[in-house]
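Dumped coords-v2.txt below, it's compact mmCIF, C-alpha atoms:
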```txt
# COMPACT_ATOMS: atom_id res chain seq x y z
CA THR A 212 -6.83 -5.18 23.59
CA GLU A 213 -5.61 -4.14 27.05
CA GLY A 214 -2.31 -2.69 25.96
CA ASN A 215 -0.80 -5.90 24.55
CA LEU A 216 1.43 -4.63 21.75
CA ILE A 217 1.77 -7.93 19.88
CA GLU A 218 -1.97 -8.61 19.94
CA ASN A 219 -2.80 -5.08 18.78
CA LEU A 220 -0.23 -5.33 15.97
CA ASN A 221 -1.67 -8.69 14.90
CA ILE A 222 -5.12 -7.10 14.62
CA ILE A 223 -3.83 -4.44 12.22
CA GLN A 224 -1.86 -7.00 10.19
CA LYS A 225 -5.00 -9.12 9.84
CA ILE A 226 -6.94 -6.09 8.62
CA PHE A 227 -4.20 -5.25 6.09
CA PRO A 228 -2.51 -8.47 4.87
CA THR A 229 -0.86 -6.51 2.08
CA SER A 230 2.76 -5.99 1.12
CA ASP A 231 2.62 -2.18 1.39
CA LEU A 232 1.74 -2.27 5.09
CA VAL A 233 4.98 -1.33 6.88
CA THR A 234 5.70 -1.77 10.59
CA LYS A 235 8.68 -0.20 12.33
CA ASP A 236 9.82 -1.08 15.84
CA LEU A 237 10.59 1.79 18.22
CA ILE A 238 11.52 2.33 21.87
CA ILE A 239 9.59 5.09 23.67
CA ARG A 240 10.49 5.73 27.29
CA ASP A 241 11.88 2.20 27.61
CA LYS A 242 8.63 0.79 26.20
CA GLN A 243 8.32 -1.27 23.03
CA ALA A 244 6.35 0.53 20.32
CA VAL A 245 5.43 -0.02 16.67
CA ILE A 246 4.40 2.44 14.01
CA CYS A 247 2.21 1.09 11.15
CA TYR A 248 1.37 2.68 7.82
CA LEU A 249 0.75 2.02 4.13
CA SER A 250 4.02 2.95 2.42
CA SER A 251 2.33 3.91 -0.85
CA ILE A 252 0.29 6.79 0.57
CA VAL A 253 2.36 8.39 3.36
CA ASP A 254 4.55 11.45 3.25
CA GLU A 255 7.97 9.97 4.05
CA GLN A 256 9.32 13.33 5.23
CA LYS A 257 6.49 13.80 7.75
CA LEU A 258 6.88 10.22 8.89
CA ALA A 259 10.65 10.52 9.35
CA GLN A 260 10.21 13.73 11.32
CA PHE A 261 7.63 12.08 13.59
CA ILE A 262 9.79 9.00 14.19
CA ASN A 263 12.86 11.14 14.88
CA THR A 264 10.95 13.26 17.39
CA ILE A 265 9.45 10.38 19.37
CA SER A 266 12.77 8.53 19.33
CA THR A 267 14.95 11.39 20.62
CA ASN A 268 12.72 13.76 22.57
CA THR A 269 12.22 11.42 25.54
CA GLU A 270 11.69 14.14 28.17
CA GLU A 271 8.60 15.66 26.56
CA ILE A 272 7.37 12.66 24.57
CA GLU A 273 3.99 12.42 26.32
CA LEU A 274 3.34 16.11 25.64
CA PHE A 275 4.39 15.79 22.01
CA ILE A 276 2.17 12.75 21.38
CA THR A 277 -0.79 14.40 23.15
CA ASN A 278 -0.48 17.58 21.07
CA ASN A 279 0.23 15.95 17.70
CA THR A 280 -1.81 12.76 17.62
CA VAL A 281 -5.38 11.57 18.03
CA ARG A 282 -6.17 8.63 20.32
CA THR A 283 -8.55 5.88 19.31
CA ASN A 284 -9.37 2.30 20.27
CA GLN A 285 -11.98 1.79 17.54
CA ILE A 286 -10.92 -0.77 14.94
CA LEU A 287 -13.05 0.78 12.16
CA GLU A 288 -11.55 4.21 12.85
CA ILE A 289 -8.03 2.77 12.78
CA GLU A 290 -8.80 1.06 9.46
CA THR A 291 -10.13 4.28 7.93
CA THR A 292 -7.23 6.40 9.13
CA ILE A 293 -4.63 4.00 7.74
CA LEU A 294 -6.44 4.02 4.39
CA ASP A 295 -6.27 7.83 4.50
CA GLY A 296 -2.47 7.67 4.67
CA LYS A 297 -2.15 8.27 8.40
CA SER A 298 0.26 6.39 10.67
CA ILE A 299 -0.75 4.36 13.72
CA LEU A 300 1.53 4.28 16.77
CA LEU A 301 1.05 1.35 19.17
CA VAL A 302 2.79 1.41 22.55
CA GLU A 303 3.16 -1.51 24.95
CA GLY A 304 0.83 -0.97 27.92
CA ASP A 305 -1.47 1.50 26.10
CA SER A 306 -4.90 0.20 25.08
CA VAL A 307 -5.28 2.96 22.45
CA ALA A 308 -3.65 3.67 19.10
CA PHE A 309 -2.10 7.08 18.44
CA VAL A 310 -2.98 8.44 15.00
CA TYR A 311 -0.53 10.80 13.31
CA SER A 312 -1.34 12.64 10.08
CA THR A 313 1.19 11.60 7.44
CA GLY A 314 -1.05 11.30 4.39
CA LYS A 315 0.13 12.33 0.95
CA LEU A 316 -2.22 11.17 -1.79
CA PRO A 317 -1.19 11.90 -5.40
CA GLN A 318 -2.70 15.04 -6.90
CA ARG A 319 -3.01 16.61 -10.36
CA ALA A 320 0.79 17.01 -10.67
CA TYR A 321 0.72 13.57 -12.31
CA THR A 322 0.58 13.76 -16.10
CA PRO A 323 -2.68 13.07 -17.97
CA PRO A 324 -3.00 9.85 -19.96
CA SER A 325 -1.74 10.08 -23.53
CA ILE A 326 -3.75 7.16 -24.93
CA ASP A 327 -6.74 6.56 -22.64
CA ASN A 328 -7.64 10.23 -22.47
CA SER A 329 -11.22 11.12 -21.58
CA LEU A 330 -13.17 14.36 -21.17
CA ARG A 331 -15.06 12.96 -18.17
CA GLY A 332 -12.57 10.52 -16.68
CA SER A 333 -9.50 10.94 -14.51
CA LYS A 334 -6.80 13.33 -15.70
CA ILE A 335 -4.07 11.31 -13.97
CA SER A 336 -2.15 8.42 -15.47
CA PHE A 337 0.03 5.69 -14.03
CA VAL A 338 3.75 6.43 -13.70
CA GLU A 339 6.94 4.35 -13.60
CA THR A 340 7.14 3.68 -9.84
CA ASP A 341 5.09 0.94 -8.21
CA GLN A 342 4.49 2.78 -4.90
CA ALA A 343 3.07 5.79 -6.74
CA ASN A 344 0.82 3.54 -8.83
CA ILE A 345 -0.43 1.68 -5.76
CA ALA A 346 -1.17 5.06 -4.18
CA LEU A 347 -3.16 6.05 -7.26
CA LEU A 348 -5.25 2.88 -6.97
CA ARG A 349 -5.76 3.44 -3.24
CA ARG A 350 -7.09 6.89 -4.06
CA PHE A 351 -10.04 5.20 -5.77
CA ILE A 352 -10.29 2.02 -3.66
CA LYS A 353 -10.45 2.81 0.05
CA SER A 354 -11.03 -0.71 1.27
CA ARG A 355 -9.25 -3.07 3.64
CA ASP A 356 -9.85 -5.80 1.05
CA PHE A 357 -7.66 -4.05 -1.53
CA GLN A 358 -4.42 -5.99 -1.26
CA ILE A 359 -1.05 -6.21 -2.98
CA LYS A 360 1.15 -9.23 -3.64
CA GLN A 361 4.69 -8.65 -4.86
CA VAL A 362 6.76 -11.05 -6.93
CA GLU A 363 10.45 -10.55 -7.80
CA ILE A 364 11.48 -11.45 -11.34
CA GLY A 365 14.65 -11.16 -13.43
CA ASN A 366 17.99 -12.87 -12.86
CA GLU A 367 20.39 -9.97 -13.42
CA ASN A 368 18.20 -6.86 -13.41
CA LYS A 369 15.63 -7.73 -10.75
CA SER A 370 12.20 -6.11 -10.91
CA ILE A 371 9.27 -6.16 -8.52
CA VAL A 372 5.85 -6.94 -9.98
CA SER A 373 2.87 -5.92 -7.86
CA ILE A 374 -0.38 -7.86 -8.24
CA ALA A 375 -3.36 -5.80 -7.06
CA TYR A 376 -6.69 -7.42 -6.24
CA ILE A 377 -9.78 -7.20 -4.06
CA ASP A 378 -9.89 -10.00 -1.49
CA GLY A 379 -13.28 -11.69 -1.63
CA LEU A 380 -13.93 -10.62 -5.22
CA VAL A 381 -10.87 -12.09 -6.92
CA ASP A 382 -10.93 -15.57 -8.42
CA GLU A 383 -8.43 -17.32 -6.14
CA ASP A 384 -7.46 -19.88 -8.79
CA LEU A 385 -6.82 -17.13 -11.33
CA LEU A 386 -4.81 -15.11 -8.79
CA SER A 387 -2.70 -18.15 -7.94
CA GLY A 388 -2.17 -18.88 -11.63
CA VAL A 389 -1.02 -15.32 -12.35
CA GLU A 390 1.37 -15.38 -9.40
CA GLN A 391 2.84 -18.72 -10.47
CA SER A 392 3.20 -17.61 -14.10
CA ILE A 393 5.12 -14.51 -13.06
CA SER A 394 7.33 -16.32 -10.53
CA LYS A 395 8.35 -18.89 -13.16
CA ILE A 396 9.81 -16.28 -15.52
CA LYS A 397 13.50 -17.04 -16.08
CA LEU A 398 14.91 -14.02 -17.88
CA ASP A 399 17.76 -11.63 -17.11
CA SER A 400 15.30 -8.72 -17.03
CA VAL A 401 11.75 -7.71 -17.90
CA ILE A 402 11.66 -4.35 -19.66
CA ASN A 403 8.08 -3.19 -19.15
CA ALA A 404 4.46 -4.27 -18.64
CA ASN A 405 3.92 -5.10 -22.32
CA HIS A 406 6.98 -7.35 -22.25
CA LEU A 407 5.60 -9.07 -19.14
CA ALA A 408 2.20 -9.55 -20.80
CA GLN A 409 3.78 -11.18 -23.85
CA ILE A 410 5.80 -13.59 -21.70
CA THR A 411 2.84 -14.69 -19.56
CA GLU A 412 0.24 -15.10 -22.34
CA ARG A 413 -1.28 -18.57 -22.14
CA ASN A 414 -2.24 -18.64 -25.82
CA PRO A 415 0.29 -16.50 -27.70
CA PHE A 416 -1.19 -17.40 -31.10
CA SER A 417 -4.76 -16.45 -30.17
CA PRO A 418 -6.21 -13.55 -32.24
CA PHE A 419 -8.06 -12.31 -29.15
CA PRO A 420 -6.44 -10.07 -26.54
CA GLN A 421 -5.69 -11.85 -23.26
CA TYR A 422 -4.82 -8.72 -21.29
CA PHE A 423 -6.61 -5.43 -20.88
CA THR A 424 -4.22 -2.50 -20.56
CA THR A 425 -4.90 1.03 -19.37
CA GLU A 426 -2.98 4.15 -18.37
CA ARG A 427 -5.77 5.32 -16.08
CA PRO A 428 -5.99 4.33 -12.40
CA ASP A 429 -9.73 4.97 -12.29
CA VAL A 430 -10.30 2.45 -15.08
CA ALA A 431 -8.04 -0.09 -13.37
CA ALA A 432 -9.86 0.46 -10.07
CA THR A 433 -13.25 -0.03 -11.72
CA THR A 434 -11.99 -3.27 -13.28
CA LEU A 435 -10.89 -4.57 -9.86
CA LEU A 436 -14.25 -3.71 -8.34
```
Would you mind giving the structure from this file in C-alpha cells?
Amino acid sequence: TEGNLIENLNIIQKIFPTSDLVTKDLIIRDKQAVICYLSSIVDEQKLAQFINTISTNTEEIELFITNNTVRTNQILEIETTILDGKSILLVEGDSVAFVYSTGKLPQRAYTPPSIDNSLRGSKISFVETDQANIALLRRFIKSRDFQIKQVEIGNENKSIVSIAYIDGLVDEDLLSGVEQSISKIKLDSVINANHLAQITERNPFSPFPQYFTTERPDVAATTLL
C-alpha cells in the first residue's frame, strides 16, 4: 500500500499466519519501522548486526539501506524472499519493502539418520531443537501454506510442541483434535516425542500403529504434502 506501515504488516501476517514469523518494532529516523522474518531460517548474527546498524547509525541510514538491501513492492517477491530466510524491513511512509539477506538454511553439518537411513534419500536427520527442525522442513517445503502451531505442555518442566501442517491440505477436524489432545495433557513434563505419542493415542490397546515416526525431514515433508 502507499506507505501505510500497519496495512503492509497486516499483508505479510496474512501471508504467513505461522508462529515462527517474528516482527520487531524499530525507530528509523523518527519513523516507525518493522522487520519481519521466519525465525527458524535466519542467521541471528546477521540479523542482530543489521538491526544494530539501522538503529544506531542514523546519519547514514539511507546510504546503508540503499547499499545493503533490495527494494520491492511485489507481494510474490516478498513471499519468496521471506521463505528464503531473508528479512523484510517496512518503514512508515515507504511504499516498498527493503529486503536484507539473512538466510541460513541447515546444511550437511547435521548428522545422518541412524534408523531411517537411505542411499537415495536425505542425509540429514531431525535434531533436538524445534527451530532447527522447522528450518529443515522449510528447506523442503517452500510454501506460504506451510504453517506452524505451537502448544505449551508440562506443569513443572514446560515444553513447546510444534504442529506442522499445510493449510488447505490438512484435515481441519483432525488438526483441531490433535491440538486439543496435546493441550489437555496434565503432566509435570513430557520427555520426548515417543512419550507424547503414547499419551495422545486414541486407542492405546490397538495392535495397529497410530503414529508414523521418522528421523528424516524429507520423509516428513512428503507426508505433509
task = Just the residues within 10 Å of segment 274-281 of chain A, please, counting all atoms listed in the file, with nothing from its chain fewer than 5 positions along; format it as a count of residues only.
result = 14
inquiry  = Please compute the atom CA of Arg427 of chain A-atom CA of Gly365 of chain A distance, one decimal, in Å.
reply    =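 Distance reported for this atom pair: 26.4 Å.
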List every residue of segment 286-393 of chain A that has an atom at most 12 Å from any atom of segment 232-242 of chain A, and for each one report the closest atom pair and its distance in Å to one decimal, counting only C-alpha atoms, with rows sorted by chain and then by increasing residue number, as a Markdown table.
```
| residue | atom | partner | partner_atom | distance |
| --- | --- | --- | --- | --- |
| A:Glu290 | CA | A:Leu232 | CA | 11.9 |
| A:Ile293 | CA | A:Leu232 | CA | 9.3 |
| A:Leu294 | CA | A:Leu232 | CA | 10.3 |
| A:Gly296 | CA | A:Leu232 | CA | 10.8 |
| A:Lys297 | CA | A:Leu232 | CA | 11.7 |
| A:Ser298 | CA | A:Thr234 | CA | 9.8 |
| A:Ile299 | CA | A:Thr234 | CA | 9.4 |
| A:Leu300 | CA | A:Leu237 | CA | 9.5 |
| A:Leu301 | CA | A:Leu237 | CA | 9.6 |
| A:Val302 | CA | A:Lys242 | CA | 6.9 |
| A:Glu303 | CA | A:Lys242 | CA | 6.1 |
| A:Gly304 | CA | A:Lys242 | CA | 8.2 |
| A:Asp305 | CA | A:Lys242 | CA | 10.1 |
| A:Gln342 | CA | A:Leu232 | CA | 11.5 |
| A:Ile345 | CA | A:Leu232 | CA | 11.7 |
| A:Arg355 | CA | A:Leu232 | CA | 11.1 |
| A:Phe357 | CA | A:Leu232 | CA | 11.6 |
| A:Gln358 | CA | A:Leu232 | CA | 9.6 |
| A:Ile359 | CA | A:Leu232 | CA | 9.4 |
| A:Lys360 | CA | A:Leu232 | CA | 11.2 |
```
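Counting from atom CA of Ile272 of chain A, the distance to atom CA of Ala244 of chain A is 12.9 Å.
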remark   = As a check of understanding: the span from atom CA of Ala343 of chain A to atom CA of Glu255 of chain A is 12.6 Å
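Residues within 12 Å of segment 417-423 of chain A, counting only C-alpha atoms and excluding same-chain residues fewer than 5 positions away, are Val389, Ala404, Asn405, His406, Leu407, Ala408, Gln409, Ile410, Thr411, Glu412, Val430, Ala431, Thr434 and Leu435 of chain A.
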Would you give the centre and edge lengths, in Å to one decimal, of a box along x, y and z around the listed atoms of segment 216-227 of chain A, with 6 Å added to each side, as JSON?
```
{"center_x": -2.6, "center_y": -6.8, "center_z": 13.9, "size_x": 20.7, "size_y": 16.7, "size_z": 27.7}
```
task = Find the spatial neighbours of Asn368 of chain A, counting all atoms listed in the file, within a cut-off of 7 Å - ignore same-chain residues fewer than 2 positions away - and output them as a list in words.
result = Gly365, Asn366, Ser370, Asp399 and Ser400 of chain A
ask   = Which one is closest to Ile335 of chain A: A:Leu216, A:Ile374, A:Leu348, A:Leu380? Count all atoms listed in the file.
value =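 Nearest to Ile335 of chain A: A:Leu348.
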task = Pick out the residues sitting within 8 Å of Glu363 of chain A, and hand them over as a PyMOL selection string; count all atoms listed in the file, and ignore anything fewer than 6 positions along from it in its own chain.
result = chain A and resi 369-372+394
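Comparing the minimum interatomic distances between Tyr376 of chain A and each of A:Ile217, A:Ile352, A:Ile393, A:Leu398, counting only C-alpha atoms, we find that A:Ile352 sits nearest.
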remark   = For Gly314 of chain A, the closest of A:Ser354, A:Asn219, A:Ser251, A:Thr340 counting only C-alpha atoms is A:Ser251
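Compared by their closest atoms to Gly379 of chain A, and using all atoms listed in the file, the residues A:Ile286, A:Leu220, A:Cys247, A:Leu436 rank with A:Leu436 nearest.
Comparing the minimum interatomic distances between Arg350 of chain A and each of A:Asp295, A:Asp382, A:Glu271, A:Glu426, counting all atoms listed in the file, we find that A:Asp295 sits nearest.
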